[in-house]
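Notes to accompany the following structure.
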Amino acid sequence: MGKFISLVLWALLCSCCCWTTQAEIFTSISQMTDLIYTEKELVQSLSEYIKAEESKLSTIQSWANKLDALTKLSTSDPEGYLAHPVNAYKLMKRLNREWSELESLVLQNPSDGFISNMSIHRQFFPDEEDEKGAAKALMRLQDTYQLDSEAFSRGKLPGIHSNVILTVEDCFDMGKTAYNDADYYHAVLWMQESLKQLDAGEETEVSKGDILDYLSYSVYQMGDLPRAIELTRRLVAIDPSHQRAGGNLRYFERLLTKELNELKQDYPPASEEPIQLGTYSRPKDHLPEREVYEALCRGEGLQMNDVRRSRLYCRYQDGERNPRLLLKPIKEEDEWDSPRIVRYLDILSHEETEKIKELAKPRLARATVRDPKTGVLTTANYRVSKSAWLEEEDDPVIARVNQRIGDLTGLEVDTAELLQVANYGVGGQYEPHYDFSRKDEPDAFKRLGTGNRVATFLNYMSDVEAGGATVFPDFGAAIWPRKGTAVFWYNLFKSGEGDYRTRHAACPVLVGSKWVSNKWIHERGQEFRRPCGLTEVD
């Protein structure tokens, strides 16, 4: 260490002094006096260097303490920890961004052990797209469950309150993610929350000018010129030299003046009401039943009534005296009358559920949908989950589950698709869709050679704390996950025509981890098990 400091002093001396001969130094008091001040400057530089090192180590130590406590909490119950969507988002953000910042800090004085470890594990880290996806998941939850940004940022979810919070920087990053995606509706909500927390005195490295810059332009994009002008004026007031603010302000004022002249109206003051959920309308998207679908996810708009409920029954199901069910029939409950949807209770034991999850976890990959034109499996933005396909050769439990499905439904399962296991994490969903192929998709299942999907058997393998319902927008039904149960419905009428009422969706998981497995049963082999009816809609 002493040798190192000597080298630092030597280097600094070289940069601070003009070289003379030794004799000249000792014969010139004035020059020696200069050396005194040079030495003082060197000591000051050395002190700054030591402070910088201490600051760096203090920062790293603070990080280590925080992460030590955090990982103890998260590893004690990984699924429970990740069940909270904010925890999942912040994990994505930490591993994508903050660990990289720490790596850069350590690299200022390279540590081979740390860098080597980082290099080994970096390949498994989430990337920028993953962080972006996690942010979008929070926004999806915000929309579906009508969550106020302030409540969301404070960890106040329906029926749940925790100490998990989104800081000024978190909210700002959420807003930037939306802004960069031209999603100005969410950019406004999150930039406004970031500004609100900053004004409340929360310490942050994010500047008010940056927040106002993004917020004012996003508000303009939402069509609120008076408020955009007011926000831009605030930006100019705190940063008169801002490269865009002045130009934007003049542009916004000209636009508003032109509009008012055309309408022959006076200049309106900006609204003093704070921006919140509902201030601006969310832009329409590709999904026509978006509002109905999301209302059902919240438990609103359900079409269950006393008359319909009176037609629902429960019973023991023995699969029409199937030998394997005679001694232990399965409890069956009607969930809906038309189209008929039933729920089976205690269909999977805890041990079977855990075994299926154990088999699926190493194979989980981004869930796919079948392209209606090519029949090829591909990913889609409207389905956000991880899935795996299991076959009977993987473990005897898969064969037992397949056999049980066949026994209960009375359908042939040898021509069914493999058992698909899916895990929906933060914001995981599957937007409204049909399980069967329509007439304009004749080749959807051509490669399988087993006809269309006649029925769906859906196993719920976990309870979900909030969200995650299976909803049917056409007739206003919502079915909530209950571990160990399963629901079953027919996608096709007996004629082979599709039952378009069965369009359904998996609502975003708000809190929890949703595990399901499903069996899509096909037409081939059902000729004598489910004969054709006399009409198209029998």
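Naming scheme: A, B, ... for chains in displayed order of the structure tokens; residues 1 onward per chain; ligands 1 onward as shown.
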For stretch 121-160 of chain A versus stretch 499-516 of chain A, which residues have an atom no more than 12 Å away, and what is each residue's nearest atom pair and distance in Å rounded to one decimal, using only C-alpha atoms, chain-then-number order, as CSV?
```
residue,atom,partner,partner_atom,distance
A:Lys136,CA,A:Pro508,CA,11.8
A:Ala137,CA,A:Pro508,CA,8.6
A:Leu138,CA,A:Leu510,CA,8.9
A:Met139,CA,A:Pro508,CA,10.9
A:Arg140,CA,A:Pro508,CA,7.7
A:Leu141,CA,A:Leu510,CA,6.4
A:Gln142,CA,A:Leu510,CA,9.2
A:Asp143,CA,A:Pro508,CA,10.2
A:Thr144,CA,A:Pro508,CA,7.6
A:Tyr145,CA,A:Leu510,CA,8.2
A:Gln146,CA,A:Leu510,CA,11.4
A:Leu147,CA,A:Leu510,CA,10.6
A:Phe152,CA,A:Leu510,CA,11.2
A:Gly155,CA,A:Val511,CA,11.1
A:Lys156,CA,A:Val511,CA,11.3
A:Leu157,CA,A:Leu510,CA,8.2
A:Pro158,CA,A:Leu510,CA,8.9
A:Gly159,CA,A:Val511,CA,10.1
A:Ile160,CA,A:Val511,CA,8.7
```
Using all heavy atoms, can you export the residues from the last selection as a compact mmCIF listing (two decimals), in the first residue's frame?
```
# COMPACT_ATOMS: atom_id res chain seq x y z
N LYS A 136 -44.46 -2.94 -18.56
CA LYS A 136 -45.74 -3.01 -19.28
C LYS A 136 -46.74 -3.88 -18.53
O LYS A 136 -47.95 -3.64 -18.58
CB LYS A 136 -45.53 -3.55 -20.69
CG LYS A 136 -44.88 -2.55 -21.64
CD LYS A 136 -44.83 -3.11 -23.05
CE LYS A 136 -44.34 -2.06 -24.03
NZ LYS A 136 -44.35 -2.57 -25.42
N ALA A 137 -46.22 -4.91 -17.84
CA ALA A 137 -47.11 -5.77 -17.07
C ALA A 137 -47.78 -4.97 -15.95
O ALA A 137 -48.97 -5.14 -15.68
CB ALA A 137 -46.33 -6.94 -16.48
N LEU A 138 -47.01 -4.09 -15.28
CA LEU A 138 -47.60 -3.26 -14.23
C LEU A 138 -48.67 -2.34 -14.81
O LEU A 138 -49.71 -2.11 -14.19
CB LEU A 138 -46.52 -2.43 -13.54
CG LEU A 138 -45.50 -3.18 -12.68
CD1 LEU A 138 -44.69 -2.19 -11.84
CD2 LEU A 138 -46.14 -4.21 -11.78
N MET A 139 -48.40 -1.80 -16.00
CA MET A 139 -49.39 -0.93 -16.63
C MET A 139 -50.64 -1.71 -17.03
O MET A 139 -51.76 -1.19 -16.94
CB MET A 139 -48.78 -0.26 -17.86
CG MET A 139 -47.62 0.67 -17.56
SD MET A 139 -46.84 1.26 -19.08
CE MET A 139 -45.19 1.64 -18.48
N ARG A 140 -50.44 -2.95 -17.45
CA ARG A 140 -51.58 -3.81 -17.80
C ARG A 140 -52.44 -4.06 -16.57
O ARG A 140 -53.67 -4.02 -16.62
CB ARG A 140 -51.06 -5.11 -18.39
CG ARG A 140 -52.14 -6.04 -18.91
CD ARG A 140 -51.59 -7.06 -19.89
NE ARG A 140 -50.50 -7.83 -19.34
CZ ARG A 140 -49.24 -7.82 -19.79
NH1 ARG A 140 -48.91 -7.03 -20.80
NH2 ARG A 140 -48.31 -8.58 -19.27
N LEU A 141 -51.80 -4.32 -15.44
CA LEU A 141 -52.53 -4.51 -14.19
C LEU A 141 -53.26 -3.22 -13.80
O LEU A 141 -54.40 -3.26 -13.34
CB LEU A 141 -51.57 -4.92 -13.08
CG LEU A 141 -50.92 -6.30 -13.21
CD1 LEU A 141 -49.89 -6.50 -12.11
CD2 LEU A 141 -51.98 -7.40 -13.15
N GLN A 142 -52.60 -2.11 -13.98
CA GLN A 142 -53.19 -0.82 -13.64
C GLN A 142 -54.47 -0.60 -14.44
O GLN A 142 -55.48 -0.15 -13.89
CB GLN A 142 -52.18 0.30 -13.95
CG GLN A 142 -52.68 1.69 -13.62
CD GLN A 142 -51.62 2.74 -13.90
OE1 GLN A 142 -50.79 2.58 -14.79
NE2 GLN A 142 -51.65 3.80 -13.13
N ASP A 143 -54.44 -0.94 -15.73
CA ASP A 143 -55.61 -0.76 -16.59
C ASP A 143 -56.72 -1.73 -16.22
O ASP A 143 -57.87 -1.34 -16.03
CB ASP A 143 -55.22 -0.98 -18.05
CG ASP A 143 -54.29 0.09 -18.57
OD1 ASP A 143 -54.23 1.17 -17.97
OD2 ASP A 143 -53.61 -0.16 -19.58
N THR A 144 -56.37 -3.01 -16.13
CA THR A 144 -57.39 -4.04 -15.93
C THR A 144 -58.11 -3.87 -14.60
O THR A 144 -59.34 -3.99 -14.53
CB THR A 144 -56.75 -5.44 -15.99
OG1 THR A 144 -56.08 -5.61 -17.24
CG2 THR A 144 -57.81 -6.53 -15.85
N TYR A 145 -57.35 -3.57 -13.56
CA TYR A 145 -57.94 -3.49 -12.23
C TYR A 145 -58.15 -2.06 -11.75
O TYR A 145 -58.43 -1.84 -10.56
CB TYR A 145 -57.09 -4.30 -11.25
CG TYR A 145 -57.04 -5.77 -11.65
CD1 TYR A 145 -55.89 -6.29 -12.26
CD2 TYR A 145 -58.15 -6.59 -11.50
CE1 TYR A 145 -55.86 -7.62 -12.67
CE2 TYR A 145 -58.12 -7.91 -11.91
CZ TYR A 145 -56.97 -8.43 -12.50
OH TYR A 145 -56.95 -9.74 -12.91
N GLN A 146 -58.01 -1.11 -12.68
CA GLN A 146 -58.26 0.31 -12.41
C GLN A 146 -57.54 0.76 -11.14
O GLN A 146 -58.15 1.27 -10.18
CB GLN A 146 -59.76 0.58 -12.31
CG GLN A 146 -60.49 0.34 -13.63
CD GLN A 146 -61.96 0.71 -13.59
OE1 GLN A 146 -62.54 0.90 -12.52
NE2 GLN A 146 -62.57 0.83 -14.75
N LEU A 147 -56.23 0.62 -11.15
CA LEU A 147 -55.40 0.95 -9.99
C LEU A 147 -54.82 2.35 -10.14
O LEU A 147 -54.20 2.67 -11.16
CB LEU A 147 -54.27 -0.07 -9.84
CG LEU A 147 -54.71 -1.53 -9.71
CD1 LEU A 147 -53.50 -2.45 -9.73
CD2 LEU A 147 -55.51 -1.73 -8.44
N PHE A 152 -50.82 2.28 -6.26
CA PHE A 152 -49.98 1.23 -6.81
C PHE A 152 -48.54 1.41 -6.34
O PHE A 152 -47.87 0.46 -5.89
CB PHE A 152 -50.04 1.27 -8.34
CG PHE A 152 -49.78 -0.05 -9.01
CD1 PHE A 152 -50.31 -0.32 -10.24
CD2 PHE A 152 -48.98 -1.02 -8.41
CE1 PHE A 152 -50.08 -1.54 -10.88
CE2 PHE A 152 -48.74 -2.24 -9.02
CZ PHE A 152 -49.29 -2.49 -10.26
N GLY A 155 -47.80 0.24 -2.88
CA GLY A 155 -48.03 -1.17 -2.57
C GLY A 155 -49.44 -1.48 -2.13
O GLY A 155 -49.70 -2.56 -1.59
N LYS A 156 -50.38 -0.56 -2.37
CA LYS A 156 -51.77 -0.78 -1.95
C LYS A 156 -52.56 -1.39 -3.11
O LYS A 156 -53.08 -0.68 -3.97
CB LYS A 156 -52.40 0.55 -1.53
CG LYS A 156 -51.73 1.20 -0.33
CD LYS A 156 -52.36 2.55 -0.01
CE LYS A 156 -51.65 3.24 1.14
NZ LYS A 156 -52.21 4.58 1.41
N LEU A 157 -52.62 -2.72 -3.11
CA LEU A 157 -53.39 -3.43 -4.10
C LEU A 157 -54.69 -3.90 -3.46
O LEU A 157 -54.79 -3.98 -2.24
CB LEU A 157 -52.59 -4.62 -4.64
CG LEU A 157 -51.24 -4.27 -5.27
CD1 LEU A 157 -50.54 -5.53 -5.77
CD2 LEU A 157 -51.40 -3.28 -6.40
N PRO A 158 -55.72 -4.20 -4.27
CA PRO A 158 -57.02 -4.59 -3.71
C PRO A 158 -56.90 -5.72 -2.68
O PRO A 158 -56.44 -6.82 -2.99
CB PRO A 158 -57.79 -5.07 -4.94
CG PRO A 158 -57.20 -4.28 -6.06
CD PRO A 158 -55.74 -4.16 -5.74
N GLY A 159 -57.28 -5.43 -1.45
CA GLY A 159 -57.26 -6.43 -0.40
C GLY A 159 -55.88 -6.71 0.17
O GLY A 159 -55.72 -7.56 1.05
N ILE A 160 -54.86 -6.00 -0.33
CA ILE A 160 -53.49 -6.28 0.09
C ILE A 160 -52.77 -4.96 0.31
O ILE A 160 -52.91 -4.03 -0.47
CB ILE A 160 -52.74 -7.10 -0.99
CG1 ILE A 160 -53.37 -8.48 -1.13
CG2 ILE A 160 -51.26 -7.25 -0.64
CD1 ILE A 160 -52.87 -9.24 -2.32
```
Task: Distance query A:Tyr434 at most 12 Å, only C-alpha atoms, self and fewer than 2 positions along chain excluded, as a ChimeraX atom specification - done: /A:369-370,372,430-432,436-438,441,452-456,472-474,490-492,498-506,520
Task: Selection: 6 Å around stretch 183-195 of chain A, only C-alpha atoms, excl. self and same-chain fewer than 3 positions, as JSON, numbers by chain - done: {"A": [168, 171, 172, 175, 178, 179, 198, 215, 218]}
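Our summary of the geometry notes that atom CA of A:Asn180 is positioned 19.7 Å from atom CA of A:Leu231.
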TODO: Any chance you could list, as number ranges by chain, the residues in stretch 156-363 of chain A that come up alpha helix (DSSP H) when DSSP is run on the backbone?
DONE: A: 168-180, 184-199, 208-221, 225-238, 245-263, 290-297, 306-309, 323-326, 350-360
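Going from atom CA of A:Gly525 over to atom CA of A:Leu411, you cover 7.9 Å.
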Open item on the list: Using only C-alpha atoms, can you tell me which of A:Tyr81, A:Trp99, A:Phe125, A:Trp480 comes closest to A:Ser162?
Closed with: A:Tyr81
Open item on the list: Which residues are close to stretch 406-409 of chain A, i.e. within 10 Å by only C-alpha atoms, leaving aside same-chain residues fewer than 3 positions away? Reply as a PyMOL selection string.
Closed with: chain A and resi 317-325+329-330+332+344+347+400-403+412-414+416+455+457+488-489+521+529
